[in-house]
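File shown: entry-v4.pdb (PDB, C-alpha atoms).
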ATOM      1  CA  MET A   1      88.313  35.181 121.298
ATOM      2  CA  ARG A   2      89.381  32.931 124.132
ATOM      3  CA  THR A   3      87.062  30.152 122.955
ATOM      4  CA  LEU A   4      88.515  30.389 119.435
ATOM      5  CA  PHE A   5      92.022  30.043 120.863
ATOM      6  CA  LEU A   6      90.949  27.016 122.939
ATOM      7  CA  LEU A   7      89.270  25.486 119.891
ATOM      8  CA  ILE A   8      92.427  25.932 117.813
ATOM      9  CA  ILE A   9      94.434  24.194 120.551
ATOM     10  CA  PHE A  10      91.858  21.508 121.357
ATOM     11  CA  PHE A  11      90.884  20.417 117.841
ATOM     12  CA  PRO A  12      94.290  19.028 116.686
ATOM     13  CA  VAL A  13      94.852  17.337 120.050
ATOM     14  CA  PHE A  14      91.422  15.705 119.797
ATOM     15  CA  GLU A  15      92.112  14.610 116.185
ATOM     16  CA  ILE A  16      95.454  13.037 117.165
ATOM     17  CA  PHE A  17      93.836  11.257 120.114
ATOM     18  CA  ILE A  18      91.128   9.794 117.862
ATOM     19  CA  LEU A  19      93.735   8.784 115.265
ATOM     20  CA  PHE A  20      95.826   6.876 117.835
ATOM     21  CA  PHE A  21      92.688   5.301 119.295
ATOM     22  CA  SER A  22      91.659   4.173 115.812
ATOM     23  CA  ILE A  23      95.125   2.728 115.182
ATOM     24  CA  SER A  24      94.944   0.743 118.402
ATOM     25  CA  LEU A  25      91.401  -0.427 117.633
ATOM     26  CA  TYR A  26      91.557  -1.172 113.885
ATOM     27  CA  GLY A  27      95.271  -1.300 113.138
ATOM     28  CA  TRP A  28      97.586   0.770 110.971
ATOM     29  CA  PHE A  29      96.384  -0.519 107.632
ATOM     30  CA  LEU A  30      92.663   0.233 108.016
ATOM     31  CA  THR A  31      93.318   3.607 109.631
ATOM     32  CA  PHE A  32      95.598   4.830 106.876
ATOM     33  CA  LEU A  33      93.305   3.281 104.256
ATOM     34  CA  GLU A  34      90.477   5.468 105.596
ATOM     35  CA  VAL A  35      92.720   8.533 105.529
ATOM     36  CA  PHE A  36      93.793   7.747 101.960
ATOM     37  CA  ILE A  37      90.238   7.085 100.714
ATOM     38  CA  THR A  38      88.896  10.339 102.188
ATOM     39  CA  PHE A  39      91.906  12.184 100.724
ATOM     40  CA  VAL A  40      91.166  10.844  97.238
ATOM     41  CA  LEU A  41      87.424  11.525  97.636
ATOM     42  CA  GLY A  42      88.149  15.083  98.805
ATOM     43  CA  CYS A  43      90.476  15.753  95.864
ATOM     44  CA  TYR A  44      87.892  14.388  93.421
ATOM     45  CA  LEU A  45      85.071  16.478  94.886
ATOM     46  CA  PHE A  46      87.249  19.603  94.970
ATOM     47  CA  LYS A  47      88.194  19.138  91.319
ATOM     48  CA  ARG A  48      84.575  18.528  90.326
ATOM     49  CA  ASN A  49      83.098  21.502  92.226
ATOM     50  CA  LYS A  50      85.816  24.128  91.825
ATOM     51  CA  GLY A  51      84.664  24.996  88.294
ATOM     52  CA  PHE A  52      81.130  25.784  89.450
ATOM     53  CA  PHE A  53      82.290  27.907  92.366
ATOM     54  CA  PHE A  54      85.124  29.815  90.719
ATOM     55  CA  ASP A  55      83.082  30.510  87.580
ATOM     56  CA  TYR A  56      80.458  32.081  89.837
ATOM     57  CA  VAL A  57      82.970  34.130  91.826
ATOM     58  CA  SER A  58      84.879  35.294  88.748
ATOM     59  CA  TYR A  59      82.228  37.892  87.947
ATOM     60  CA  PRO A  60      82.932  41.052  90.003
ATOM     61  CA  SER A  61      79.262  41.947  90.248
ATOM     62  CA  LYS A  62      78.576  38.573  91.873
ATOM     63  CA  ILE A  63      81.128  39.258  94.629
ATOM     64  CA  ILE A  64      79.614  42.650  95.391
ATOM     65  CA  GLU A  65      76.097  41.208  95.423
ATOM     66  CA  PHE A  66      77.011  38.341  97.786
ATOM     67  CA  SER A  67      73.816  38.103  99.780
ATOM     68  CA  SER A  68      71.524  35.470 101.204
ATOM     69  CA  HIS A  69      70.019  34.942  97.740
ATOM     70  CA  SER A  70      73.383  34.351  96.082
ATOM     71  CA  LEU A  71      74.510  32.143  98.979
ATOM     72  CA  SER A  72      71.415  29.971  98.730
ATOM     73  CA  ASN A  73      71.815  29.701  94.944
ATOM     74  CA  ASN A  74      75.519  28.877  95.174
ATOM     75  CA  LYS A  75      75.527  26.910  98.439
ATOM     76  CA  LYS A  76      76.090  23.523  96.842
ATOM     77  CA  SER A  77      79.387  24.401  95.227
ATOM     78  CA  PHE A  78      80.550  26.652  98.084
ATOM     79  CA  LEU A  79      79.851  24.152 100.858
ATOM     80  CA  SER A  80      81.092  21.252  98.725
ATOM     81  CA  ILE A  81      84.411  23.056  98.263
ATOM     82  CA  ILE A  82      84.751  23.544 102.021
ATOM     83  CA  GLY A  83      83.637  19.955 102.680
ATOM     84  CA  SER A  84      86.171  18.593 100.210
ATOM     85  CA  VAL A  85      88.956  20.572 101.903
ATOM     86  CA  PHE A  86      87.958  19.008 105.230
ATOM     87  CA  LEU A  87      88.043  15.582 103.555
ATOM     88  CA  VAL A  88      91.553  16.177 102.215
ATOM     89  CA  LEU A  89      92.863  17.002 105.683
ATOM     90  CA  PRO A  90      93.565  13.861 107.742
ATOM     91  CA  GLY A  91      91.398  13.207 110.762
ATOM     92  CA  TYR A  92      88.076  11.659 111.623
ATOM     93  CA  VAL A  93      86.314  14.757 112.953
ATOM     94  CA  GLY A  94      87.288  16.791 109.889
ATOM     95  CA  ASP A  95      86.148  13.944 107.638
ATOM     96  CA  ALA A  96      82.784  13.718 109.379
ATOM     97  CA  PHE A  97      82.327  17.494 109.146
ATOM     98  CA  GLY A  98      83.375  17.437 105.486
ATOM     99  CA  LEU A  99      80.880  14.692 104.679
ATOM    100  CA  LEU A 100      78.134  16.667 106.411
ATOM    101  CA  LEU A 101      78.956  19.689 104.257
ATOM    102  CA  ILE A 102      78.638  17.669 101.064
ATOM    103  CA  PHE A 103      75.065  16.380 101.544
ATOM    104  CA  LYS A 104      72.212  18.660 100.455
ATOM    105  CA  PHE A 105      70.088  18.258 103.612
ATOM    106  CA  THR A 106      72.902  19.308 105.931
ATOM    107  CA  GLN A 107      73.920  22.083 103.518
ATOM    108  CA  ASN A 108      70.488  23.638 104.052
ATOM    109  CA  LEU A 109      70.999  23.493 107.820
ATOM    110  CA  PHE A 110      74.442  25.099 107.586
ATOM    111  CA  VAL A 111      73.140  27.875 105.312
ATOM    112  CA  LYS A 112      70.322  28.643 107.764
ATOM    113  CA  LEU A 113      72.820  28.695 110.636
ATOM    114  CA  LEU A 114      75.190  30.945 108.680
ATOM    115  CA  LEU A 115      72.400  33.374 107.780
ATOM    116  CA  MET A 116      71.297  33.548 111.419
ATOM    117  CA  VAL A 117      74.849  34.430 112.467
ATOM    118  CA  ILE A 118      75.111  37.074 109.735
ATOM    119  CA  LYS A 119      71.771  38.631 110.712
ATOM    120  CA  LYS A 120      72.863  38.896 114.349
ATOM    121  CA  LYS A 121      75.901  40.949 113.395
ATOM    122  CA  ASN A 122      74.444  44.217 112.158
ATOM    123  CA  ASN A 123      76.519  46.616 110.135
ATOM    124  CA  SER A 124      77.760  49.400 112.429
ATOM    125  CA  SER A 125      77.352  52.083 109.761
ATOM    126  CA  VAL A 126      73.596  51.541 109.524
ATOM    127  CA  ILE A 127      71.477  52.915 112.366
ATOM    128  CA  LYS A 128      67.812  51.951 112.596
ATOM    129  CA  GLU A 129      65.495  54.636 113.818
ATOM    130  CA  ASN A 130      61.714  54.297 113.606
ATOM    131  CA  ASP A 131      61.899  51.393 111.124
ATOM    132  CA  SER A 132      63.942  53.412 108.654
ATOM    133  CA  GLU A 133      67.593  52.952 107.844
ATOM    134  CA  VAL A 134      69.956  55.881 108.197
ATOM    135  CA  VAL A 135      73.364  55.479 106.609
ATOM    136  CA  GLU A 136      76.165  57.492 108.124
ATOM    137  CA  GLY A 137      78.421  59.310 105.710
ATOM    138  CA  GLU A 138      79.870  62.619 104.582
ATOM    139  CA  PHE A 139      78.777  64.863 101.751
ATOM    140  CA  PHE A 140      81.211  66.868  99.689
ATOM    141  CA  ASP A 141      80.339  69.516  97.148
ATOM    142  CA  LEU A 142      82.759  68.467  94.425
ATOM    143  CA  LYS A 143      82.278  71.616  92.336
ATOM    144  CA  LYS A 144      83.552  73.823  95.159
ATOM    145  CA  LYS A 145      86.401  71.410  95.870
ATOM    146  CA  ILE A 146      87.495  71.440  92.201
ATOM    147  CA  GLU A 147      87.346  75.257  92.140
ATOM    148  CA  LEU A 148      89.534  75.434  95.272
ATOM    149  CA  ILE A 149      92.086  73.097  93.715
ATOM    150  CA  LYS A 150      92.159  75.127  90.495
ATOM    151  CA  ASN A 151      92.583  78.383  92.460
ATOM    152  CA  ARG A 152      95.564  76.975  94.379
ATOM    153  CA  ARG A 153      97.440  76.279  91.138
TER     154      ARG A 153
END

Output the file's structure as structure tokens, nothing else.
Amino acid sequence: MRTLFLLIIFFPVFEIFILFFSISLYGWFLTFLEVFITFVLGCYLFKRNKGFFFDYVSYPSKIIEFSSHSLSNNKKSFLSIIGSVFLVLPGYVGDAFGLLLIFKFTQNLFVKLLLMVIKKKNNSSVIKENDSEVVEGEFFDLKKKIELIKNRR
């Protein structure tokens, strides 16, 4: 949690430092031209890919079945949407990260990294014992519960 807080503080400061360094190195015109071009590119890519992603997510069964298979099938539009959002935001680090998320080769690397992180975090309601999964839960006999409710009335 502390590293996330430091990252949230450090990232904008680093972006502003790089922006001012770029202004001093290349001048105002080229720096803001780069920001404008990546903004337009990000808006174009977001508009182009949002239909693929939101059509996929609009089906409720697809949201429930969001697994590694659906992520690998839908990774291009999902990661392109995130990459285009990073391109719209001003800053060189965000632009570089956004461009990496748009290319197919780096998308495969990010999906593998994401799946490794998801696999490390096991669901706390599933306990593995002797290579079998045991799901914790409660069982209610609904017939008896309905009879009790009817008797109370």

Residues near Leu101 in chain A, anyone? I mean within 7 Å using only C-alpha atoms, not counting same-chain ones fewer than 4 positions away, as an NGL selection string.
:A and (79-80 or 83 or 97 or 106-107)

Please list as a tab-separated table (two decimals) with C-alpha atoms, in the coordinates of the input every residue within 10 Å of range 2-14 of chain A, counting only C-alpha atoms and excluding residues in the same chain fewer than 3 positions away.
chain	number	residue	atom	x	y	z
A	17	PHE	CA	93.84	11.26	120.11
A	18	ILE	CA	91.13	9.79	117.86
A	19	LEU	CA	93.74	8.78	115.26
A	91	GLY	CA	91.40	13.21	110.76
A	92	TYR	CA	88.08	11.66	111.62
A	93	VAL	CA	86.31	14.76	112.95
A	94	GLY	CA	87.29	16.79	109.89

Selection under test: the PyMOL selection byres ((chain A and resi 38-43) around 12); residues as a VMD selection string
chain A and resid 31 to 37 44 to 50 80 to 99 101 to 102

With C-alpha atoms retained, could you export that selection as a tab-separated table (two decimals), in the frame of the given file?
chain	number	residue	atom	x	y	z
A	31	THR	CA	93.32	3.61	109.63
A	32	PHE	CA	95.60	4.83	106.88
A	33	LEU	CA	93.30	3.28	104.26
A	34	GLU	CA	90.48	5.47	105.60
A	35	VAL	CA	92.72	8.53	105.53
A	36	PHE	CA	93.79	7.75	101.96
A	37	ILE	CA	90.24	7.08	100.71
A	44	TYR	CA	87.89	14.39	93.42
A	45	LEU	CA	85.07	16.48	94.89
A	46	PHE	CA	87.25	19.60	94.97
A	47	LYS	CA	88.19	19.14	91.32
A	48	ARG	CA	84.58	18.53	90.33
A	49	ASN	CA	83.10	21.50	92.23
A	50	LYS	CA	85.82	24.13	91.82
A	80	SER	CA	81.09	21.25	98.72
A	81	ILE	CA	84.41	23.06	98.26
A	82	ILE	CA	84.75	23.54	102.02
A	83	GLY	CA	83.64	19.95	102.68
A	84	SER	CA	86.17	18.59	100.21
A	85	VAL	CA	88.96	20.57	101.90
A	86	PHE	CA	87.96	19.01	105.23
A	87	LEU	CA	88.04	15.58	103.56
A	88	VAL	CA	91.55	16.18	102.22
A	89	LEU	CA	92.86	17.00	105.68
A	90	PRO	CA	93.56	13.86	107.74
A	91	GLY	CA	91.40	13.21	110.76
A	92	TYR	CA	88.08	11.66	111.62
A	93	VAL	CA	86.31	14.76	112.95
A	94	GLY	CA	87.29	16.79	109.89
A	95	ASP	CA	86.15	13.94	107.64
A	96	ALA	CA	82.78	13.72	109.38
A	97	PHE	CA	82.33	17.49	109.15
A	98	GLY	CA	83.38	17.44	105.49
A	99	LEU	CA	80.88	14.69	104.68
A	101	LEU	CA	78.96	19.69	104.26
A	102	ILE	CA	78.64	17.67	101.06

Separation of CA of Phe78 in chain A from CA of Leu114 in chain A, in Å and rounded to one decimal
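That distance, rounded to one decimal, is 12.6 Å.
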
As an mmCIF file, keeping the file's coordinate frame, please: range 87-107 of chain A completed to N, CA, C and O atoms.
data_model
loop_
_atom_site.group_PDB
_atom_site.id
_atom_site.type_symbol
_atom_site.label_atom_id
_atom_site.label_comp_id
_atom_site.auth_asym_id
_atom_site.auth_seq_id
_atom_site.Cartn_x
_atom_site.Cartn_y
_atom_site.Cartn_z
ATOM 1 N N LEU A 87 87.767 16.979 103.864
ATOM 2 C CA LEU A 87 88.043 15.582 103.555
ATOM 3 C C LEU A 87 89.505 15.352 103.207
ATOM 4 O O LEU A 87 90.057 14.289 103.497
ATOM 5 N N VAL A 88 90.145 16.323 102.577
ATOM 6 C CA VAL A 88 91.553 16.177 102.215
ATOM 7 C C VAL A 88 92.429 16.164 103.463
ATOM 8 O O VAL A 88 93.403 15.404 103.539
ATOM 9 N N LEU A 89 92.084 16.970 104.452
ATOM 10 C CA LEU A 89 92.863 17.002 105.683
ATOM 11 C C LEU A 89 92.660 15.706 106.464
ATOM 12 O O LEU A 89 91.543 15.222 106.582
ATOM 13 N N PRO A 90 93.735 15.122 107.014
ATOM 14 C CA PRO A 90 93.565 13.861 107.742
ATOM 15 C C PRO A 90 92.900 14.082 109.093
ATOM 16 O O PRO A 90 93.111 15.092 109.755
ATOM 17 N N GLY A 91 92.059 13.149 109.471
ATOM 18 C CA GLY A 91 91.398 13.207 110.762
ATOM 19 C C GLY A 91 89.947 12.830 110.646
ATOM 20 O O GLY A 91 89.286 13.120 109.645
ATOM 21 N N TYR A 92 89.446 12.164 111.664
ATOM 22 C CA TYR A 92 88.076 11.659 111.623
ATOM 23 C C TYR A 92 87.039 12.760 111.825
ATOM 24 O O TYR A 92 85.991 12.743 111.182
ATOM 25 N N VAL A 93 87.288 13.688 112.701
ATOM 26 C CA VAL A 93 86.314 14.757 112.953
ATOM 27 C C VAL A 93 86.189 15.651 111.720
ATOM 28 O O VAL A 93 85.082 16.019 111.310
ATOM 29 N N GLY A 94 87.310 16.000 111.113
ATOM 30 C CA GLY A 94 87.288 16.791 109.889
ATOM 31 C C GLY A 94 86.600 16.058 108.748
ATOM 32 O O GLY A 94 85.868 16.657 107.959
ATOM 33 N N ASP A 95 86.815 14.736 108.670
ATOM 34 C CA ASP A 95 86.148 13.944 107.638
ATOM 35 C C ASP A 95 84.637 13.913 107.856
ATOM 36 O O ASP A 95 83.867 14.038 106.907
ATOM 37 N N ALA A 96 84.223 13.739 109.086
ATOM 38 C CA ALA A 96 82.784 13.718 109.379
ATOM 39 C C ALA A 96 82.152 15.068 109.059
ATOM 40 O O ALA A 96 81.080 15.140 108.453
ATOM 41 N N PHE A 97 82.837 16.151 109.444
ATOM 42 C CA PHE A 97 82.327 17.494 109.146
ATOM 43 C C PHE A 97 82.303 17.743 107.640
ATOM 44 O O PHE A 97 81.363 18.330 107.105
ATOM 45 N N GLY A 98 83.327 17.286 106.935
ATOM 46 C CA GLY A 98 83.375 17.437 105.486
ATOM 47 C C GLY A 98 82.264 16.676 104.793
ATOM 48 O O GLY A 98 81.651 17.171 103.851
ATOM 49 N N LEU A 99 81.975 15.453 105.263
ATOM 50 C CA LEU A 99 80.880 14.692 104.679
ATOM 51 C C LEU A 99 79.533 15.360 104.937
ATOM 52 O O LEU A 99 78.649 15.338 104.090
ATOM 53 N N LEU A 100 79.384 15.957 106.117
ATOM 54 C CA LEU A 100 78.134 16.667 106.411
ATOM 55 C C LEU A 100 77.952 17.875 105.491
ATOM 56 O O LEU A 100 76.833 18.215 105.115
ATOM 57 N N LEU A 101 79.051 18.523 105.136
ATOM 58 C CA LEU A 101 78.956 19.689 104.257
ATOM 59 C C LEU A 101 78.674 19.322 102.809
ATOM 60 O O LEU A 101 78.284 20.177 102.018
ATOM 61 N N ILE A 102 78.846 18.076 102.452
ATOM 62 C CA ILE A 102 78.638 17.669 101.064
ATOM 63 C C ILE A 102 77.172 17.336 100.786
ATOM 64 O O ILE A 102 76.667 17.601 99.700
ATOM 65 N N PHE A 103 76.454 16.795 101.766
ATOM 66 C CA PHE A 103 75.065 16.380 101.544
ATOM 67 C C PHE A 103 74.123 17.578 101.537
ATOM 68 O O PHE A 103 74.281 18.520 102.315
ATOM 69 N N LYS A 104 73.105 17.526 100.668
ATOM 70 C CA LYS A 104 72.212 18.660 100.455
ATOM 71 C C LYS A 104 71.389 19.008 101.705
ATOM 72 O O LYS A 104 71.201 20.177 102.019
ATOM 73 N N PHE A 105 70.902 17.998 102.430
ATOM 74 C CA PHE A 105 70.088 18.258 103.612
ATOM 75 C C PHE A 105 70.879 19.032 104.668
ATOM 76 O O PHE A 105 70.391 20.016 105.230
ATOM 77 N N THR A 106 72.099 18.617 104.918
ATOM 78 C CA THR A 106 72.902 19.308 105.931
ATOM 79 C C THR A 106 73.410 20.647 105.407
ATOM 80 O O THR A 106 73.661 21.555 106.201
ATOM 81 N N GLN A 107 73.550 20.786 104.083
ATOM 82 C CA GLN A 107 73.920 22.083 103.518
ATOM 83 C C GLN A 107 72.847 23.118 103.830
ATOM 84 O O GLN A 107 73.164 24.255 104.181
#
